[in-house]
Structures are given as structure tokens and as C-alpha cells.
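Let me begin by presenting the structure, written as C-alpha cells, before commenting on it.
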Amino acid sequence: MPATRQAAPDQARTDADHAIEAIDLVRTYRTHTGVVRRKPLEVHAVRGVSFHVRPGELFGLLGPNGAGKTTTIKMLITLLLPTSGTARVMGHDVVTETTEVRKRIGYVFGGDRGLYDRVSALDNLRYFAELYGVDPAQQKPRIEALLDLVGLTGREKEKVEGYSRGMRQRLHIARGLLHDPEVVFMDEPSIGLDPVGARELRQTVQSLVDAGKTVLLTTHYMFEADALCDRIAVINAGRIVALGTGDDLKRGVANRTIVEIETFGVAPDAVERLRNDRDVIAVNTEERDQSQILLVQSEHGLSITQRLLGLLGETRVGKVVAREPTLEDAYVDLIASTSETDDAARAAAVAG
Amino acid sequence: MGTMRAMRLIWFVTWFNVRMLLTSEFFILTTFLTPLIFATLAFFLFKAGGATEGQTLLYVALGSGMMGVWSTTLFGCGGAIAWQRWEGTLELLVNAPSRYDYILAGQTFGAVVLGFYGIVATLAWGVLLFGMPLAATYPLILPISLAAAVLSLGALGMLIATTFVLYRHANALGNLLEYPIWLIAGLLVPIATLPFWVRPISWLLAPTWGMEAIRGAAIGTQAPWFAIAMCLVLAAVYYVAARVCLVYVIRKARRDATLSLQ
């Protein structure tokens with residue numbers, strides 16, 4: 001088990017020096033199932049998240065879909081009330097001092113929504129500049145500077161409905177920075193972008209940090225978190241399961257070797273046989289076009305390869321490669337192991 | 001936020017909302033054509049009933065125009081918020097550092113101001129097609145009546161709009177309020193012809209007094225000052241009620257996570 005996982009997720013301090021503090025944040029959604037016979041249903045999206053972000057830090061919140069990343073961000077930007085727990089941004093409480101928090105933050109959500117499609121980018125920025133209280137004398141130069149920053153100069157008079165996803169995303173960033181916020185929240189900003197667009201976006205994010213802003217970035221792209229973030233919190237099923245630098249997280253799997261086995265039509269029971277092997281720590285499967293890549297983690301390098309192939313039985317096997325673990329392996333291992341723990345806890349609760 | 005800053009914000013949001021509404025073909029169609037259809041039907045109905053006097057036709061034209069204003073107010077306020085919810089901009093507006101009641105006021109007044117086109121259109125329609133005489137009894141008071149009506153309808157629209165912020169299906173409420181208000185507020189037939197128990201409801205409605213103020217100044221049915229004063233009182237009451245409701249509505253929306261639901 002990696003050392004970072006054994007420690008408490010983060011010692012939530014109450015120093016005023018912290019740009020962002022989250023202390024035992026919990027968020028439960030109450031909904032219902034059925035139409036005629038409604039049954040109340042509680043969804044525990046965030047279950048006691050604590051961390052802090054230092055001023056000027058680029059902090060990553062990494063987790064799979066539904067892990068609680070967006071809910072955590074929405075509580076921090078005052079869009080949602082926490083069910084319990086507290087959070088502060090630049091020393092202001094997100095529940096009771098919403099206006100003070102909102103003046104100091106900008107946020108950028110990934111995806112197509114959040115813009116007025118039927119008017120130009122310039123109209124969108126002018127409108128939000130007014131709503132965000134940008135000094136009228138400063139609006140024009142500020143908007144020009146931001147259009148330049150996100151590479152939309154020359155396209156600003158076109159209607160947003162004609163923009164590509166990458167252009168929309170860049171416009172989102174410009175909107176989020178209009179009032180020169182001290183803290184910027186970015187929720188999966190690179191989602192749906194092509195590789196070039198995603199790289200440009202990462203450069204923009206880096207330039208924000210270089211300019212002294214604090215950035216909280218959520219993503220489920222490991223390489224993005226690894227390349228950008230000073231520290232990363234891995235969140236799964238509403239809980240932080242690891243927190244540290246990318247190297248800290250990788251250290252958890254440093255003594256392991258990943259054996260990649262290319263298979264064609266591997267059966268689930270064959271994968272299960274691998275998992276049950278005494279020397280195998282974890283097995284993950286990646287689907288490719290015609291094949292499945294089995295990623296087998298162990299501490300024995302290639303020495304157990306023959307036994308692993310034997311366990312696959314009649315399965316057609318292609319290339320077999322051994323390599324050093326990456327942050328992605330550490331992440332997958334964390335998510336897989338904490339999901340198993342959660343499943344076991346749920347099963348125990350049901351049995352109890 | 002200072003007064004000048006607040007005024008600038010409301011003006012800016014009003015202007016932006018007018019632009020946004022004018023990009024919707026559906027809104028243009030309903031706002032620009034519906035009052036003319038109402039006016040045509042009403043002119044023929046009244047003529048069939050033997051009412052051919054110029055004053056009666058003016059009464060009808062103003063009533064038809066006001067029906068259009070009310071429809072535009074409902075659609076402009078509710079429709080704009082439903083559209084923002086769908087576009088994902090509603091949560092950005094509610095979560096902006098500026099006061100949301102100012103933003104909502106600007107949006108509402110944008111719709112109401114556009115709606116007042118209906119009055120101009122029905123008057124022109126009456127003059128051109130039905131030979132209606134166009135002469136106001138108190139021409140200097142008429143602009144004041146119009147301004148008071150805009151203010152009170154805008155404030156009522158703002159109060160109604162608070163429900164649209166909270167509930168995604170509040171459009172149904174908007175549709176429900178359209179026809180009854182035409183009747184209860186005396187836009188088409190005088191309130192005096194309605195059952196006695198309906199009249200107190202009429203007195204609580206901005207369109208009632210807005211209509212009284214405009215008809216009073218245009219036709220001289222009665223002195224318009226009382227109606228103008230009632231418009232201003234109701235506008236203040238609606239605005240305060242809307243602000244109180246917004247505090248509750250926004251807190252509930254943050255608790256129930258409804259702002260981003262489509």
C-alpha cells in the first residue's frame with residue numbers, strides 16, 4: 001500500500017494563508033426513484049473531503065467520473081451548500097460570505113454550456129465583465145488582453161454558435177478571468193479538446209500559475225495532472241484516497257513492474273485467474289479496437305510471465321512487454337483498491 | 001454596490017436581454033404579431049356588438065396592446081430564465097458577484113419594454129385599418145402612465161421570475177397566468193362586469209392599474225393619478241417581495257442543486 005494512502009488525506013489547517021481550505025466537506029443529494037410510488041433516495045457524492053491549497057499553487061483533483069470532483073468544486077465556488085463541513089476561499093466562508101468569495105474566484109467548466117450562443121464572443125465578455133464588476137474604464141483593455149491570451153483575437157465578433165469546442169473552451173477561460181480573480185477553479189477544462197487544443201490549454205493554465213494565481217484543476221487525465229500540478233489529490237467515491245506530488249503517488253507503485261499482455265478475446269474468468277495469482281497485485285484491462293491489453297502489476301518483473309501466460313489458457317496472446325509503472329498505474333491501482341474497499345464496506349453494511 | 005453602478009448594471013442587463021430576445025424568432029413572432037391579432041379580433045367583436053365610437057375603439061386598442069405586453073412579460077421573464085438554464089448560464093448569473101436581484105430586474109425590464117411595442121402597434125393598427133381617432137385626453141400625463149405601467153409590470157414579472165429560477169418547469173405557471181390575467185385585470189372587458197369577489201384580486205395586479213393609468217390618460221375614463229400611484233406602490237411591494245423570495249429561492253437552489261438542471 002502506498003505511503004500516501006496510509007496518511008490522513010491532508011491535515012486541514014485553518015491558516016489564513018491558505019487560498020483554499022476544505023474541512024470534512026460532505027454533500028448528499030436527495031432525490032427519489034419511481035413516478036407513482038416515490039421512494040426517497042440519498043446519493044452521497046462527497047463524503048468528508050479535506051485538503052488545503054496554498055496561494056500560487058496548482059492543485060489537481062484527480063478522479064474517475066462520479067468521484068465527487070465537480071460537486072467539491074461547486075461547493076467551493078458557492079454554487080452548492082455543503083451538507084456538512086466547512087470551506088474557505090481566501091479566508092472567506094463559502095456558505096456565509098458568498099459575495100466575498102465570488103469576487104475573488106473565477107471558474108471554468110468544461111463542455112459546451114455556459115455561454116450565450118446567439119451573440120458574439122465579444123458580447124459575452126462585455127456582459128460578464130459588467131456582471132463581474134469590472135471597472136468600465138478597464139473593460140476594453142481587459143477583454144482585449146484576455147482574447148489575446150486565449151488566442152481568440154480576430155474571431156471575437158463571430159457568433160459563439162459557430163465556434164468549435166476548443167474555441168468555446170478558450171472563451172470560457174477568458175470569461176472566468178475577466179475580473180482578474182485570485183483563485184481559478186477549472187473543472188475538466190480539456191474535456192473534448194483535440195491534442196493540440198489540450199496542449200494549448202495546458203500552456204494557458206501554466207501561464208496563470210506563473211502570473212501568481214492559485215488554480216484548482218480537476219481532470220481525469222493522469223498525464224495532465226502529472227505535467228501541471230504541484231500536488232494532486234486522488235478522489236474516489238467521494239473520498240480523497242491519496243494526496244501528494246506526482247512523484248509521491250508514483251512511489252506507491254515504484255517497486256512494481258507492469259507486464260502488458262496483448263490478448264484477443266480474453267474471457268473474464270481468465271482475467272480472474274490472473275487476479276487470484278499469489279504474486280499478482282492488480283490486473284486492469286484496456287480495450288483496444290480488436291484486442292484487450294491486460295496490465296498486470298507485480299513485484300516480480302518478467303519472471304512470472306510464463307506462469308501468467310499459462311493462467312490465460314487458450315487465450316490468443318500477442319505482444320508481451322514489461323515496463324516501469326507510471327502515474328496512471330498508480331492512479332488505477334488507487335481507484336481499483338479503494339473501490340474494492342468501498343464495495344466490501346457496502347457489502348458488510350448490507351450483511352450487518 | 002453604489003447607485004450609479006447598480007443603475008448601469010440594470011441598464012446593461014436590460015439592453016443585453018433585449019438583444020437576446022430579439023435573436024429568438026419565436027419571441028419576435030409572438031411579440032410583434034400577437035397584439036395585432038388580438039386587436040383585430042377585439043375590433044371585430046366590439047364592432048359586431050355595435051360599438052363604433054372612436055373612444056371605444058381606443059379602449060379596445062389599448063386593452064389589446066396591454067394583453068400583448070402581459071404575454072411578453074411572462075414569456076420574456078420565464079422564457080429567458082428557462083433558456084439560460086438550458087444554456088448553462090443561469091448558474092453563472094446567480095453566482096456572479098453582482099446582486100442577482102439587479103440582474104433579474106434588468107432581464108425583466110428588457111422583456112416589458114419590448115412588450116410595450118404592442119401598445120404602439122395596436123394603436124397604429126386601429127388608426128390604419130379601423131379608422132380609430134388618435135387623440136389623448138391628457139397627452140402630457142400619458143408618458144408618466146406608460147412609465148408607471150412599465151415599472152409595475154416589470155416588478156411583477158420579477159416576482160414571478162423568482163419561481164422560474166427555482167423550478168425548471170415553471171413555464172407551466174407562466175402559461176397558466178396568461179389568459180386569466182387578461183380577464184381579471186380588465187384588459188378586454190371592464191372590471192365592473194366581473195363578479196364582485198374577483199375585484200380584490202384585480203386590485204392586487206399591476207396590469208389592472210397599468211391599464212387604468214394608460215386608459216385614464218388616453219381616454220379620460222377617470223383621473224389617472226390614483227392609478228399611477230397604485231402602479232408605483234405595487235411596484236415597490238412586488239420588488240420587496242421579489243427580493244425576499246430571491247434570498248429563499250437562491251438558498252434553496254444551492255441546497256437542492258437545481259440551478260444546472262435542464
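The way I read the labels, and the way they are meant: chains A, B, ... in the order of the C-alpha cells, residue 1 as the first residue of every chain, and ligand 1 as the first ligand shown, with later ones counted on from there.
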(message) Taking 3 positions as the minimum chain separation for residues in the same chain, which residues sit within 12 Å of Leu208 (chain A) when counting only C-alpha atoms? Answer as a ChimeraX atom specification.
(response) /A:56-58,106,146,149-150,173-174,176-177,180-186,201-205,211-217,228
Could you turn the residues from that selection into a file that holds N, CA and C atoms, as a compact mmCIF listing (two decimals), in the first residue's frame?
# COMPACT_ATOMS: atom_id res chain seq x y z
N GLY A 56 -0.89 30.49 -4.96
CA GLY A 56 0.04 30.31 -6.07
C GLY A 56 0.27 28.87 -6.47
N GLU A 57 -0.41 27.95 -5.79
CA GLU A 57 -0.23 26.53 -6.09
C GLU A 57 -1.17 26.06 -7.20
N LEU A 58 -0.72 25.10 -7.97
CA LEU A 58 -1.62 24.46 -8.94
C LEU A 58 -1.96 23.09 -8.37
N GLY A 106 -12.59 32.78 -10.03
CA GLY A 106 -13.11 32.61 -11.37
C GLY A 106 -13.27 31.11 -11.56
N LEU A 146 -7.40 39.44 -22.68
CA LEU A 146 -7.83 38.05 -22.49
C LEU A 146 -8.05 37.34 -23.83
N LEU A 149 -4.77 36.38 -24.83
CA LEU A 149 -4.26 35.26 -24.02
C LEU A 149 -4.78 33.92 -24.50
N VAL A 150 -6.09 33.88 -24.84
CA VAL A 150 -6.69 32.59 -25.22
C VAL A 150 -6.71 32.39 -26.74
N ILE A 173 -12.49 30.22 -20.59
CA ILE A 173 -11.35 30.63 -19.75
C ILE A 173 -11.28 32.15 -19.68
N ALA A 174 -11.45 32.80 -20.83
CA ALA A 174 -11.42 34.27 -20.83
C ALA A 174 -12.52 34.82 -19.92
N GLY A 176 -13.85 33.39 -17.32
CA GLY A 176 -13.52 33.12 -15.92
C GLY A 176 -12.44 34.03 -15.36
N LEU A 177 -11.68 34.67 -16.27
CA LEU A 177 -10.56 35.50 -15.80
C LEU A 177 -10.85 37.00 -15.89
N ASP A 180 -10.03 39.28 -13.05
CA ASP A 180 -8.69 39.04 -12.53
C ASP A 180 -8.74 38.37 -11.16
N PRO A 181 -9.39 37.20 -11.09
CA PRO A 181 -9.57 36.55 -9.78
C PRO A 181 -8.26 36.01 -9.22
N GLU A 182 -8.22 35.91 -7.90
CA GLU A 182 -7.01 35.39 -7.26
C GLU A 182 -6.96 33.87 -7.35
N VAL A 183 -8.14 33.25 -7.34
CA VAL A 183 -8.22 31.79 -7.36
C VAL A 183 -9.06 31.37 -8.56
N VAL A 184 -8.54 30.41 -9.32
CA VAL A 184 -9.27 29.95 -10.50
C VAL A 184 -9.58 28.46 -10.34
N PHE A 185 -10.86 28.11 -10.51
CA PHE A 185 -11.28 26.72 -10.46
C PHE A 185 -11.55 26.26 -11.89
N MET A 186 -10.97 25.14 -12.25
CA MET A 186 -11.17 24.64 -13.61
C MET A 186 -11.64 23.19 -13.52
N LEU A 201 -4.20 24.57 -24.01
CA LEU A 201 -4.91 24.86 -22.75
C LEU A 201 -3.97 24.67 -21.56
N ARG A 202 -3.17 23.63 -21.61
CA ARG A 202 -2.24 23.38 -20.51
C ARG A 202 -1.23 24.54 -20.40
N GLN A 203 -0.84 25.07 -21.56
CA GLN A 203 0.08 26.21 -21.53
C GLN A 203 -0.60 27.42 -20.88
N THR A 204 -1.89 27.60 -21.21
CA THR A 204 -2.64 28.72 -20.63
C THR A 204 -2.73 28.56 -19.11
N VAL A 205 -3.02 27.32 -18.67
CA VAL A 205 -3.13 27.06 -17.23
C VAL A 205 -1.80 27.37 -16.56
N ALA A 211 1.58 33.67 -13.39
CA ALA A 211 1.14 35.04 -13.06
C ALA A 211 0.73 35.16 -11.59
N GLY A 212 0.91 34.08 -10.82
CA GLY A 212 0.66 34.16 -9.39
C GLY A 212 -0.71 33.71 -8.94
N LYS A 213 -1.51 33.17 -9.87
CA LYS A 213 -2.86 32.74 -9.47
C LYS A 213 -2.79 31.36 -8.81
N THR A 214 -3.78 31.12 -7.95
CA THR A 214 -3.95 29.79 -7.39
C THR A 214 -4.93 29.06 -8.30
N VAL A 215 -4.62 27.86 -8.68
CA VAL A 215 -5.51 27.12 -9.59
C VAL A 215 -5.85 25.77 -8.98
N LEU A 216 -7.15 25.48 -8.96
CA LEU A 216 -7.60 24.12 -8.61
C LEU A 216 -8.18 23.52 -9.89
N LEU A 217 -7.56 22.44 -10.31
CA LEU A 217 -7.90 21.84 -11.60
C LEU A 217 -8.42 20.43 -11.37
N LEU A 228 1.13 19.22 -14.94
CA LEU A 228 0.81 20.57 -14.49
C LEU A 228 0.89 20.78 -12.98
(message) For the structure I just gave you, how does DSSP split region 137-309 of chain A - specifically, which residues are alpha helix (DSSP H)? Reply as number ranges by chain.
(response) A: 137-149, 165-176, 195-210, 222-228, 246-251, 268-275, 305-309
(request) Write out as an NGL selection string every residue belonging to chain B that has an atom at most 10 Å from any atom of chain A, counting only C-alpha atoms. (result) :B and (1 or 5 or 8-10 or 12-13 or 15-16 or 19-21 or 23-24 or 83-100 or 102-103 or 250-260)
Writing out the chosen residues with N, CA and C atoms as a tab-separated table (two decimals), in the first residue's frame:
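This went into out04.tsv:
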chain	number	residue	atom	x	y	z
B	1	MET	N	-22.63	48.00	-3.39
B	1	MET	CA	-22.65	48.50	-4.77
B	1	MET	C	-23.33	49.86	-4.81
B	5	ARG	N	-23.51	52.45	-10.08
B	5	ARG	CA	-23.07	51.13	-10.55
B	5	ARG	C	-24.28	50.21	-10.73
B	8	ARG	N	-26.22	51.30	-13.80
B	8	ARG	CA	-25.50	50.89	-15.01
B	8	ARG	C	-25.71	49.39	-15.26
B	9	LEU	N	-25.63	48.61	-14.17
B	9	LEU	CA	-25.79	47.16	-14.31
B	9	LEU	C	-27.19	46.82	-14.83
B	10	ILE	N	-28.22	47.44	-14.22
B	10	ILE	CA	-29.60	47.15	-14.64
B	10	ILE	C	-29.79	47.56	-16.11
B	12	PHE	N	-27.51	47.79	-18.41
B	12	PHE	CA	-26.73	46.92	-19.28
B	12	PHE	C	-27.43	45.57	-19.48
B	13	VAL	N	-27.96	45.02	-18.38
B	13	VAL	CA	-28.65	43.73	-18.47
B	13	VAL	C	-29.93	43.87	-19.28
B	15	TRP	N	-30.49	46.00	-21.73
B	15	TRP	CA	-30.08	46.10	-23.13
B	15	TRP	C	-29.67	44.74	-23.68
B	16	PHE	N	-28.91	43.99	-22.88
B	16	PHE	CA	-28.44	42.68	-23.34
B	16	PHE	C	-29.62	41.73	-23.52
B	19	ARG	N	-31.51	42.42	-26.66
B	19	ARG	CA	-30.78	41.85	-27.80
B	19	ARG	C	-30.98	40.34	-27.88
B	20	MET	N	-30.89	39.68	-26.73
B	20	MET	CA	-31.04	38.22	-26.72
B	20	MET	C	-32.44	37.82	-27.16
B	21	LEU	N	-33.45	38.54	-26.65
B	21	LEU	CA	-34.83	38.19	-27.02
B	21	LEU	C	-35.05	38.40	-28.52
B	23	THR	N	-33.07	37.86	-30.80
B	23	THR	CA	-32.45	36.81	-31.62
B	23	THR	C	-33.34	35.57	-31.70
B	24	SER	N	-34.46	35.58	-30.96
B	24	SER	CA	-35.37	34.43	-30.97
B	24	SER	C	-36.53	34.70	-31.93
B	83	TRP	N	-34.35	29.53	-20.87
B	83	TRP	CA	-33.32	29.46	-21.89
B	83	TRP	C	-31.93	29.49	-21.25
B	84	GLN	N	-31.76	30.36	-20.25
B	84	GLN	CA	-30.46	30.43	-19.56
B	84	GLN	C	-30.16	29.12	-18.84
B	85	ARG	N	-31.19	28.52	-18.28
B	85	ARG	CA	-31.00	27.24	-17.60
B	85	ARG	C	-30.50	26.21	-18.61
B	86	TRP	N	-31.13	26.23	-19.78
B	86	TRP	CA	-30.78	25.28	-20.84
B	86	TRP	C	-29.37	25.54	-21.36
B	87	GLU	N	-29.00	26.81	-21.47
B	87	GLU	CA	-27.66	27.16	-21.98
B	87	GLU	C	-26.57	27.01	-20.92
B	88	GLY	N	-26.98	26.86	-19.66
B	88	GLY	CA	-26.00	26.72	-18.59
B	88	GLY	C	-25.47	28.05	-18.08
B	89	THR	N	-26.15	29.15	-18.44
B	89	THR	CA	-25.68	30.47	-17.98
B	89	THR	C	-26.39	30.91	-16.70
B	90	LEU	N	-27.48	30.24	-16.35
B	90	LEU	CA	-28.23	30.68	-15.16
B	90	LEU	C	-27.36	30.63	-13.91
B	91	GLU	N	-26.62	29.52	-13.75
B	91	GLU	CA	-25.81	29.42	-12.53
B	91	GLU	C	-24.67	30.44	-12.54
B	92	LEU	N	-24.23	30.84	-13.72
B	92	LEU	CA	-23.20	31.89	-13.78
B	92	LEU	C	-23.76	33.22	-13.32
B	93	LEU	N	-25.00	33.49	-13.70
B	93	LEU	CA	-25.62	34.77	-13.31
B	93	LEU	C	-25.91	34.80	-11.82
B	94	VAL	N	-26.51	33.71	-11.33
B	94	VAL	CA	-26.85	33.65	-9.90
B	94	VAL	C	-25.58	33.71	-9.06
B	95	ASN	N	-24.50	33.15	-9.58
B	95	ASN	CA	-23.25	33.06	-8.82
B	95	ASN	C	-22.29	34.22	-9.07
B	96	ALA	N	-22.74	35.21	-9.84
B	96	ALA	CA	-21.87	36.37	-10.11
B	96	ALA	C	-21.74	37.22	-8.85
B	97	PRO	N	-20.66	38.00	-8.74
B	97	PRO	CA	-20.51	38.86	-7.55
B	97	PRO	C	-21.58	39.95	-7.48
B	98	SER	N	-22.19	40.32	-8.62
B	98	SER	CA	-23.23	41.35	-8.61
B	98	SER	C	-24.51	40.80	-7.99
B	99	ARG	N	-25.33	41.72	-7.47
B	99	ARG	CA	-26.58	41.27	-6.85
B	99	ARG	C	-27.52	40.71	-7.90
B	100	TYR	N	-28.06	39.53	-7.61
B	100	TYR	CA	-28.88	38.87	-8.62
B	100	TYR	C	-30.23	39.58	-8.81
B	102	TYR	N	-30.67	42.72	-9.11
B	102	TYR	CA	-30.45	43.72	-10.15
B	102	TYR	C	-30.41	43.06	-11.54
B	103	ILE	N	-29.77	41.91	-11.59
B	103	ILE	CA	-29.68	41.21	-12.88
B	103	ILE	C	-31.08	40.80	-13.33
B	250	ILE	N	-32.70	31.31	-3.84
B	250	ILE	CA	-31.30	31.01	-4.16
B	250	ILE	C	-30.70	30.05	-3.13
B	251	ARG	N	-31.08	30.24	-1.90
B	251	ARG	CA	-30.58	29.31	-0.87
B	251	ARG	C	-31.11	27.91	-1.14
B	252	LYS	N	-32.39	27.83	-1.49
B	252	LYS	CA	-32.98	26.51	-1.78
B	252	LYS	C	-32.33	25.89	-3.02
B	253	ALA	N	-32.07	26.72	-4.02
B	253	ALA	CA	-31.43	26.21	-5.24
B	253	ALA	C	-30.03	25.69	-4.94
B	254	ARG	N	-29.30	26.38	-4.04
B	254	ARG	CA	-27.96	25.91	-3.66
B	254	ARG	C	-28.06	24.63	-2.84
B	255	ARG	N	-29.13	24.50	-2.07
B	255	ARG	CA	-29.28	23.29	-1.25
B	255	ARG	C	-29.71	22.11	-2.11
B	256	ASP	N	-30.65	22.36	-3.04
B	256	ASP	CA	-31.21	21.26	-3.83
B	256	ASP	C	-30.49	21.02	-5.15
B	257	ALA	N	-29.51	21.88	-5.45
B	257	ALA	CA	-28.72	21.72	-6.69
B	257	ALA	C	-29.59	21.75	-7.93
B	258	THR	N	-30.47	22.74	-8.03
B	258	THR	CA	-31.40	22.78	-9.16
B	258	THR	C	-30.99	23.75	-10.27
B	259	LEU	N	-29.98	24.59	-10.01
B	259	LEU	CA	-29.67	25.63	-11.00
B	259	LEU	C	-29.17	25.07	-12.32
B	260	SER	N	-28.45	23.97	-12.26
B	260	SER	CA	-27.87	23.45	-13.51
B	260	SER	C	-28.74	22.39	-14.15
(message) Which residues are near Ile191 (chain A)? Cut-off 7 Å, only C-alpha atoms, ignore same chain within fewer than 2 positions. Put them as JSON, numbers by chain.
(response) {"A": [110, 111, 188, 189, 193]}
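Neighbouring residues of Met90 (chain A) at 7 Å or closer, counting only C-alpha atoms and skipping chain neighbours under 5 positions away, are His18, Ala19 and Ile20 of chain A.
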